[in-house]
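S.K.: Would you mind keeping the following structure in view while I ask a few things?
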Amino acid sequence: MSTIVEKTAAGTIYRAAKRYPVPDVDLLTLLFDSEHSRAKPDTIIHLSAAEPSLQLTVKRARTLTEATTSALRRHFGIGANGPCRDICSVISSGHYLLPVLSYGIIGAGGVFSAASAASTAGELSKQIQEAESKILCCVDSTKDVAVKAAEDAGWGPNGGGRVLIMSEGKEWSLNAIGKGGDLGPNLIDENQRLPWPRITDRHTLDNSLIILIYSSGTTGLPKGVKLSHRNLVAETVIPSDMFRSWINTSRPGFEYRTLAHLPTAHIAGIQGYLISPFYMGGSVYWMPRFTFPEFLAYNKQHRITLFFTVPPIYLLIAKSPAVTDQFQTLERAISGAAPLGADLQHAASAKLGPNCFISQTWGLSETTGSATVQPFNTTDDTGSVAPLMPNMLARIVDDSGRDVEVGVAGEVLIQGPVVCKGYHNNAAANAEAFVGGWFCTGDIGMFKNGLLYIVDRKKELIKYKGLQVAPAELEALLLSHPDVLDAAVIGVDADDGTNEVPRAYVVAKNAGKVDGEQIREWVKGRVAGHKQLRGGVVFVDAVPKSPAGKILRKDLRVLAKREKGAKL
């Protein structure tokens, strides 16, 4: 799949040579009722990884979805005044019944909005207030945080009857928490079911709101990303139909089995567990929370054939002696959410199944996930994040918004059916991010030989004497050091007061075996002069990261300010 470069009046446009048709249909109809979906009524689509006898077929999922839709409409009026208005927030660990809640919310005409299970009550309260949520759903492990957040948001004692706790066992239930903290009766009545409306009008699909996902806020405050039926259907159909083509020609016996281990508050969890496997007729084994030993055990036990995960987990796979034969059935491994250096890509791939080489994808919450996809019959180890996905357009521009020459780095602008409908209640962010019909991603990248290379986030680049230093490049280099388990790089003020210099925060494999000066010298011999670690090397117990695996550089900047204050 090649990338075509076109010179137009609008500038230099990059696009994939091939396009895929995107059906004009709502998400639930696509999954449950369309000829496009591979899932049949008896297909097992969701299971508990710990207890696989706890499972959902398509037929059972439909029954519970329609019963959930009815309960939400009857008890809370979700969708009663029209679709796309009622935000239903969810704070949950991963479990096999969680998809039923998401499908039920969408079916009722509500908006599914997940929050990180690691959120504090303060963070969650801000999110449900910003979203103007109508209800907040939780599980037992997140109940206390949910209730406190709802109270802080002014909902009343114990959430004022608007906090619901959902079951995690065999039977599906939703119970409202009463003012005294007690649980009311199960609101789900399988005898009362409400089918979702089938939508085929293109304008309605384009302008709908069915998922509100909050960005990780690694560099600033989280923003609510609005995703439509059209966004989710396009992100499902295009890469999945590419995958099907590979299965039909190269692996007709392929069985789709994946392991849900990433947060469902992240687009990778929403698209990768709730939606795409269903469309492919595959099975999702759900982990309630991630632990590396269980991740290894479940991959082997359930003979997982495909997963998407993030660089920190590939780092564990590459460096942990506990990894032996757990990935022998794995055929497709994909990395995203942050850059994966070539050394780590090779080291982790060597631990996976035969002929399973990690491919990279690039995208954001604002692109409903992947905007680039590696063709399934090819591999790449040059550090690219693959070619553009079909139906997508891109430009590369400088700080003035002018197109740069092919092979020159600049900010990546993107267009296509997966690009979000903007930010919730945030006109300033919309004005900054959407310019002339293009979404400004904030990522710095370039095209070479038809492949996209991401340098780093625009706001994270370090400027030293007018030259740019990409933290991701230095981090990839540091991770190849035999005595480094993990690393992150930020810019700190130089002593001259006019420049930024790179500083590394490093997790050492064996404390005391290597010192900061040794690491600085090691890096010095491998990079250009302006990229040297002039800001020093600081050893830490762990690099702060979001649940989705992105480095929280803002936390490191706070740490750097404290260190500077301590020296004054």
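Identifiers in the structure tokens: chain A, B, ... in order shown; residue index from 1 per chain; ligand index from 1 in order shown.
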Write out as a ChimeraX atom specification the set of residues from segment 96-152 of chain A that DSSP, computed on the backbone, places in helix (DSSP H, G or I).

M.R.: /A:98-107,121-131,140-152

S.K.: Would you export the selected residues with N, CA and C atoms as an mmCIF file, in the first residue's frame, please?

M.R.:
```cif
data_model
loop_
_atom_site.group_PDB
_atom_site.id
_atom_site.type_symbol
_atom_site.label_atom_id
_atom_site.label_comp_id
_atom_site.auth_asym_id
_atom_site.auth_seq_id
_atom_site.Cartn_x
_atom_site.Cartn_y
_atom_site.Cartn_z
ATOM 1 N N LEU A 98 -18.608 -5.242 30.791
ATOM 2 C CA LEU A 98 -18.511 -3.813 30.532
ATOM 3 C C LEU A 98 -19.004 -3.435 29.129
ATOM 4 N N PRO A 99 -18.713 -4.227 28.085
ATOM 5 C CA PRO A 99 -19.223 -3.860 26.756
ATOM 6 C C PRO A 99 -20.736 -3.706 26.708
ATOM 7 N N VAL A 100 -21.474 -4.526 27.482
ATOM 8 C CA VAL A 100 -22.932 -4.425 27.490
ATOM 9 C C VAL A 100 -23.366 -3.019 27.909
ATOM 10 N N LEU A 101 -22.705 -2.477 28.926
ATOM 11 C CA LEU A 101 -23.046 -1.130 29.368
ATOM 12 C C LEU A 101 -22.790 -0.122 28.262
ATOM 13 N N SER A 102 -21.646 -0.228 27.584
ATOM 14 C CA SER A 102 -21.327 0.728 26.514
ATOM 15 C C SER A 102 -22.326 0.634 25.377
ATOM 16 N N TYR A 103 -22.659 -0.598 24.962
ATOM 17 C CA TYR A 103 -23.640 -0.763 23.885
ATOM 18 C C TYR A 103 -25.012 -0.238 24.327
ATOM 19 N N GLY A 104 -25.381 -0.492 25.608
ATOM 20 C CA GLY A 104 -26.682 -0.052 26.105
ATOM 21 C C GLY A 104 -26.806 1.451 26.162
ATOM 22 N N ILE A 105 -25.732 2.129 26.572
ATOM 23 C CA ILE A 105 -25.742 3.593 26.614
ATOM 24 C C ILE A 105 -25.933 4.155 25.209
ATOM 25 N N ILE A 106 -25.172 3.642 24.257
ATOM 26 C CA ILE A 106 -25.273 4.127 22.877
ATOM 27 C C ILE A 106 -26.647 3.817 22.309
ATOM 28 N N GLY A 107 -27.163 2.611 22.605
ATOM 29 C CA GLY A 107 -28.483 2.216 22.108
ATOM 30 C C GLY A 107 -29.591 3.110 22.613
ATOM 31 N N ALA A 121 -10.781 11.031 43.180
ATOM 32 C CA ALA A 121 -12.121 11.603 43.264
ATOM 33 C C ALA A 121 -12.138 13.024 42.704
ATOM 34 N N GLY A 122 -11.076 13.784 42.957
ATOM 35 C CA GLY A 122 -11.002 15.148 42.438
ATOM 36 C C GLY A 122 -10.955 15.185 40.925
ATOM 37 N N GLU A 123 -10.128 14.310 40.334
ATOM 38 C CA GLU A 123 -10.021 14.262 38.871
ATOM 39 C C GLU A 123 -11.350 13.832 38.243
ATOM 40 N N LEU A 124 -11.975 12.823 38.845
ATOM 41 C CA LEU A 124 -13.238 12.337 38.300
ATOM 42 C C LEU A 124 -14.337 13.372 38.442
ATOM 43 N N SER A 125 -14.351 14.059 39.561
ATOM 44 C CA SER A 125 -15.361 15.093 39.766
ATOM 45 C C SER A 125 -15.252 16.188 38.714
ATOM 46 N N LYS A 126 -14.035 16.615 38.422
ATOM 47 C CA LYS A 126 -13.836 17.632 37.378
ATOM 48 C C LYS A 126 -14.339 17.127 36.033
ATOM 49 N N GLN A 127 -14.075 15.845 35.746
ATOM 50 C CA GLN A 127 -14.469 15.301 34.446
ATOM 51 C C GLN A 127 -15.985 15.237 34.308
ATOM 52 N N ILE A 128 -16.688 14.756 35.346
ATOM 53 C CA ILE A 128 -18.145 14.635 35.203
ATOM 54 C C ILE A 128 -18.815 16.014 35.212
ATOM 55 N N GLN A 129 -18.176 16.978 35.853
ATOM 56 C CA GLN A 129 -18.729 18.334 35.794
ATOM 57 C C GLN A 129 -18.498 18.955 34.427
ATOM 58 N N GLU A 130 -17.312 18.762 33.868
ATOM 59 C CA GLU A 130 -17.017 19.310 32.540
ATOM 60 C C GLU A 130 -17.920 18.662 31.495
ATOM 61 N N ALA A 131 -18.152 17.352 31.642
ATOM 62 C CA ALA A 131 -18.988 16.634 30.685
ATOM 63 C C ALA A 131 -20.469 16.889 30.906
ATOM 64 N N ASP A 140 -17.387 -2.348 41.952
ATOM 65 C CA ASP A 140 -17.123 -2.331 43.391
ATOM 66 C C ASP A 140 -15.783 -1.680 43.722
ATOM 67 N N SER A 141 -14.751 -1.959 42.907
ATOM 68 C CA SER A 141 -13.410 -1.446 43.208
ATOM 69 C C SER A 141 -13.293 0.058 43.004
ATOM 70 N N THR A 142 -14.220 0.671 42.256
ATOM 71 C CA THR A 142 -14.173 2.117 42.016
ATOM 72 C C THR A 142 -15.340 2.846 42.675
ATOM 73 N N LYS A 143 -16.107 2.129 43.481
ATOM 74 C CA LYS A 143 -17.323 2.700 44.081
ATOM 75 C C LYS A 143 -17.016 3.903 44.962
ATOM 76 N N ASP A 144 -16.031 3.784 45.862
ATOM 77 C CA ASP A 144 -15.754 4.871 46.803
ATOM 78 C C ASP A 144 -15.339 6.147 46.081
ATOM 79 N N VAL A 145 -14.486 5.994 45.052
ATOM 80 C CA VAL A 145 -14.056 7.161 44.275
ATOM 81 C C VAL A 145 -15.247 7.779 43.546
ATOM 82 N N ALA A 146 -16.102 6.919 42.972
ATOM 83 C CA ALA A 146 -17.262 7.415 42.228
ATOM 84 C C ALA A 146 -18.206 8.199 43.134
ATOM 85 N N VAL A 147 -18.512 7.649 44.304
ATOM 86 C CA VAL A 147 -19.433 8.319 45.223
ATOM 87 C C VAL A 147 -18.861 9.661 45.679
ATOM 88 N N LYS A 148 -17.583 9.673 46.051
ATOM 89 C CA LYS A 148 -16.950 10.921 46.496
ATOM 90 C C LYS A 148 -16.944 11.954 45.365
ATOM 91 N N ALA A 149 -16.637 11.522 44.148
ATOM 92 C CA ALA A 149 -16.612 12.445 43.006
ATOM 93 C C ALA A 149 -17.992 13.032 42.763
ATOM 94 N N ALA A 150 -19.015 12.207 42.840
ATOM 95 C CA ALA A 150 -20.379 12.680 42.614
ATOM 96 C C ALA A 150 -20.796 13.675 43.700
ATOM 97 N N GLU A 151 -20.434 13.380 44.942
ATOM 98 C CA GLU A 151 -20.746 14.313 46.032
ATOM 99 C C GLU A 151 -20.024 15.639 45.829
ATOM 100 N N ASP A 152 -18.741 15.572 45.443
ATOM 101 C CA ASP A 152 -17.974 16.798 45.204
ATOM 102 C C ASP A 152 -18.551 17.605 44.038
#
```

S.K.: Residues near Met166 of chain A, anyone? I mean within 7 Å using only C-alpha atoms, not counting same-chain ones fewer than 5 positions away, as an mmCIF file with C-alpha atoms, in the first residue's frame.

M.R.:
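For reference, part-v6.cif as written:
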```cif
data_model
loop_
_atom_site.group_PDB
_atom_site.id
_atom_site.type_symbol
_atom_site.label_atom_id
_atom_site.label_comp_id
_atom_site.auth_asym_id
_atom_site.auth_seq_id
_atom_site.Cartn_x
_atom_site.Cartn_y
_atom_site.Cartn_z
ATOM 1 C CA CYS A 137 -21.453 4.023 36.568
ATOM 2 C CA CYS A 138 -18.820 2.145 38.556
ATOM 3 C CA VAL A 139 -17.800 -1.287 39.825
ATOM 4 C CA SER A 173 -27.173 -6.010 36.985
ATOM 5 C CA LEU A 174 -27.219 -2.253 37.492
ATOM 6 C CA ASN A 175 -28.053 -1.001 40.969
#
```

S.K.: Residues near Pro195 of chain A, anyone? I mean within 12 Å using only C-alpha atoms, not counting same-chain ones fewer than 2 positions away, as a ChimeraX atom specification.

M.R.: /A:28-29,32-33,62-71,73,103-109,192-193,197-198

S.K.: What's the separation between atom CA of Leu56 of chain A and atom CA of Trp172 of chain A, in Å to one decimal place?

M.R.: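 Calculated distance between atom CA of Leu56 of chain A and atom CA of Trp172 of chain A is 10.8 Å.
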
S.K.: A:Asn355, A:Ser53, A:Asn158, A:Ser250: which is nearest Ile177 of chain A, counting only C-alpha atoms?

M.R.: A:Asn158

S.K.: Applying 9 Å and only C-alpha atoms, which residues near Ala268 of chain A remain after dropping the ones on its own chain fewer than 2 positions away? List them as a list in words.

M.R.: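 Using only C-alpha atoms, the neighbours found are Leu262, Pro263, Thr264, Ala265, His266, Ile270, Gln271, Gly272, Tyr273, Phe308, Thr309, Gly336, Ala337, Ser365, Thr368, Gly369, Ser370 and Ala548 of chain A.
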
S.K.: Please, could you write that set of residues out with N, CA and C atoms as a tab-separated table (two decimals), in the first residue's frame?

M.R.:
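Produced file selection30.tsv, reproduced below:
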```
chain	number	residue	atom	x	y	z
A	262	LEU	N	-5.46	-3.07	28.37
A	262	LEU	CA	-5.28	-1.62	28.41
A	262	LEU	C	-6.57	-0.96	28.91
A	263	PRO	N	-6.49	0.27	29.41
A	263	PRO	CA	-7.69	0.92	29.97
A	263	PRO	C	-8.75	1.19	28.91
A	264	THR	N	-10.01	1.01	29.27
A	264	THR	CA	-11.09	1.33	28.35
A	264	THR	C	-11.42	2.81	28.37
A	265	ALA	N	-10.68	3.59	29.15
A	265	ALA	CA	-10.81	5.05	29.07
A	265	ALA	C	-9.92	5.59	27.96
A	266	HIS	N	-9.12	4.73	27.34
A	266	HIS	CA	-8.22	5.09	26.25
A	266	HIS	C	-8.83	4.60	24.95
A	270	ILE	N	-11.23	1.22	23.90
A	270	ILE	CA	-12.58	1.33	23.36
A	270	ILE	C	-12.67	0.67	21.99
A	271	GLN	N	-11.79	1.09	21.08
A	271	GLN	CA	-11.85	0.55	19.73
A	271	GLN	C	-11.35	-0.90	19.68
A	272	GLY	N	-10.29	-1.16	20.45
A	272	GLY	CA	-9.63	-2.46	20.35
A	272	GLY	C	-10.31	-3.59	21.07
A	273	TYR	N	-11.22	-3.28	22.02
A	273	TYR	CA	-11.88	-4.33	22.78
A	273	TYR	C	-13.41	-4.32	22.62
A	308	PHE	N	-2.75	-5.35	20.46
A	308	PHE	CA	-2.16	-4.02	20.41
A	308	PHE	C	-1.74	-3.69	21.82
A	309	THR	N	-0.50	-3.20	21.98
A	309	THR	CA	-0.11	-2.73	23.30
A	309	THR	C	0.86	-1.58	23.16
A	336	GLY	N	1.62	1.27	19.70
A	336	GLY	CA	1.18	2.63	19.47
A	336	GLY	C	1.17	3.41	20.77
A	337	ALA	N	0.61	4.61	20.74
A	337	ALA	CA	0.47	5.53	21.86
A	337	ALA	C	1.75	6.31	22.13
A	365	SER	N	-6.55	10.13	20.16
A	365	SER	CA	-7.98	10.05	20.49
A	365	SER	C	-8.78	10.80	19.44
A	368	THR	N	-9.77	8.81	16.46
A	368	THR	CA	-10.49	7.57	16.81
A	368	THR	C	-9.55	6.38	16.84
A	369	GLY	N	-8.27	6.63	17.09
A	369	GLY	CA	-7.27	5.57	17.06
A	369	GLY	C	-6.36	5.72	15.86
A	370	SER	N	-6.12	4.64	15.17
A	370	SER	CA	-5.12	4.60	14.10
A	370	SER	C	-5.46	5.51	12.92
A	548	ALA	N	-2.36	4.61	29.80
A	548	ALA	CA	-2.18	4.17	28.42
A	548	ALA	C	-0.71	4.06	28.03
```

S.K.: List as number ranges by chain the protein and nucleic acid residues near segment 42-51 of chain A, meaning an atom at most 7 Å away when only C-alpha atoms are counted, but skip any in the same chain fewer than 2 places from it.

M.R.: A: 39-40, 53-59, 95-96, 278, 281-287, 298

S.K.: For Asp398 of chain A, find every residue with an atom within 7 Å (counting only C-alpha atoms), except residues of its own chain fewer than 4 positions away, and show them as a PDB file with N, CA and C atoms, in the first residue's frame.

M.R.:
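File produced: part_32.pdb:
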```
ATOM      1  N   ARG A 402       2.926  26.667   6.431  1.00  0.00           N
ATOM      2  CA  ARG A 402       3.275  26.417   5.030  1.00  0.00           C
ATOM      3  C   ARG A 402       3.790  24.991   4.855  1.00  0.00           C
ATOM      4  N   ASP A 403       3.422  24.370   3.736  1.00  0.00           N
ATOM      5  CA  ASP A 403       3.866  23.005   3.477  1.00  0.00           C
ATOM      6  C   ASP A 403       5.373  22.956   3.301  1.00  0.00           C
ATOM      7  N   VAL A 404       5.987  21.948   3.898  1.00  0.00           N
ATOM      8  CA  VAL A 404       7.429  21.754   3.756  1.00  0.00           C
ATOM      9  C   VAL A 404       7.694  20.749   2.646  1.00  0.00           C
ATOM     10  N   GLY A 410       7.842  18.460   9.970  1.00  0.00           N
ATOM     11  CA  GLY A 410       6.944  19.546  10.327  1.00  0.00           C
ATOM     12  C   GLY A 410       5.754  18.979  11.060  1.00  0.00           C
ATOM     13  N   GLU A 411       4.792  19.845  11.410  1.00  0.00           N
ATOM     14  CA  GLU A 411       3.612  19.351  12.106  1.00  0.00           C
ATOM     15  C   GLU A 411       2.720  18.586  11.139  1.00  0.00           C
TER      16      GLU A 411
END
```

S.K.: Looking only at the backbone, which of the residues in segment 252-340 of chain A does DSSP tag as strand (DSSP E or B), as a list in words?

M.R.: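 DSSP on the backbone gives strand (DSSP E or B) at Arg257, Thr258, Leu259, Ala260, Ser283, Val284, Tyr285, Trp286, Leu306, Phe307, Phe308, Thr309, Arg332, Ala333, Ile334 and Ser335 of chain A.
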
S.K.: Hey, what's within 7 Å of Ile4 of chain A if we count only C-alpha atoms and toss same-chain stuff fewer than 2 positions away? As JSON, numbers by chain, please?

M.R.: {"A": [2, 6, 14, 15, 16, 17]}

S.K.: If you keep C-alpha atoms, can you produce a file of those selected residues as a PDB file, in the first residue's frame?

M.R.:
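Final output, part_9.pdb:
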```pdb
ATOM      1  CA  SER A   2       1.815   3.060  -1.268  1.00  0.00           C
ATOM      2  CA  GLU A   6      -0.024  15.294  -4.801  1.00  0.00           C
ATOM      3  CA  TYR A  14      -0.289  12.773   1.078  1.00  0.00           C
ATOM      4  CA  ARG A  15      -2.849  10.005   0.703  1.00  0.00           C
ATOM      5  CA  ALA A  16      -3.039   6.232   0.500  1.00  0.00           C
ATOM      6  CA  ALA A  17      -3.395   4.825  -2.987  1.00  0.00           C
TER       7      ALA A  17
END
```

S.K.: Rounded to one decimal in Å, what is the spacing between atom CA of Glu521 of chain A and atom CA of Arg534 of chain A?

M.R.: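 Straight-line distance from atom CA of Glu521 of chain A to atom CA of Arg534 of chain A works out to 10.7 Å.
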
S.K.: Counting only C-alpha atoms, figure out which residue out of A:Ile334, A:Ala347, A:Ile135, A:Leu183 gets nearest to Phe307 of chain A.

M.R.: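 Of A:Ile334, A:Ala347, A:Ile135, A:Leu183, the one nearest Phe307 of chain A is A:Ile334, counting only C-alpha atoms.
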
S.K.: One number please: atom CA of Gly82 of chain A to atom CA of Ser113 of chain A, in Å, one decimal.

M.R.: 17.5 Å

S.K.: Considering only C-alpha atoms, state which residue in the set A:Val25, A:Glu432, A:Val514, A:Val163 is at the smallest distance from Ile91 of chain A.

M.R.: A:Val163

S.K.: Using only C-alpha atoms, can you tell me which of A:Pro252, A:Glu171, A:Asp26, A:Glu366 comes closest to Asn430 of chain A?

M.R.: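 The closest residue to Asn430 of chain A is A:Glu366.
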
S.K.: Find, counting only C-alpha atoms, the residue in A:Arg395, A:Lys319, A:Arg289, A:His75 that gets nearest to Ser116 of chain A.

M.R.: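 Of A:Arg395, A:Lys319, A:Arg289, A:His75, the one nearest Ser116 of chain A, counting only C-alpha atoms, is A:Arg289.
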
S.K.: Which residue gives the smallest distance to Glu190 of chain A among A:Lys448, A:Arg60, A:Arg19, A:Lys351, with only C-alpha atoms counted?

M.R.: A:Arg60
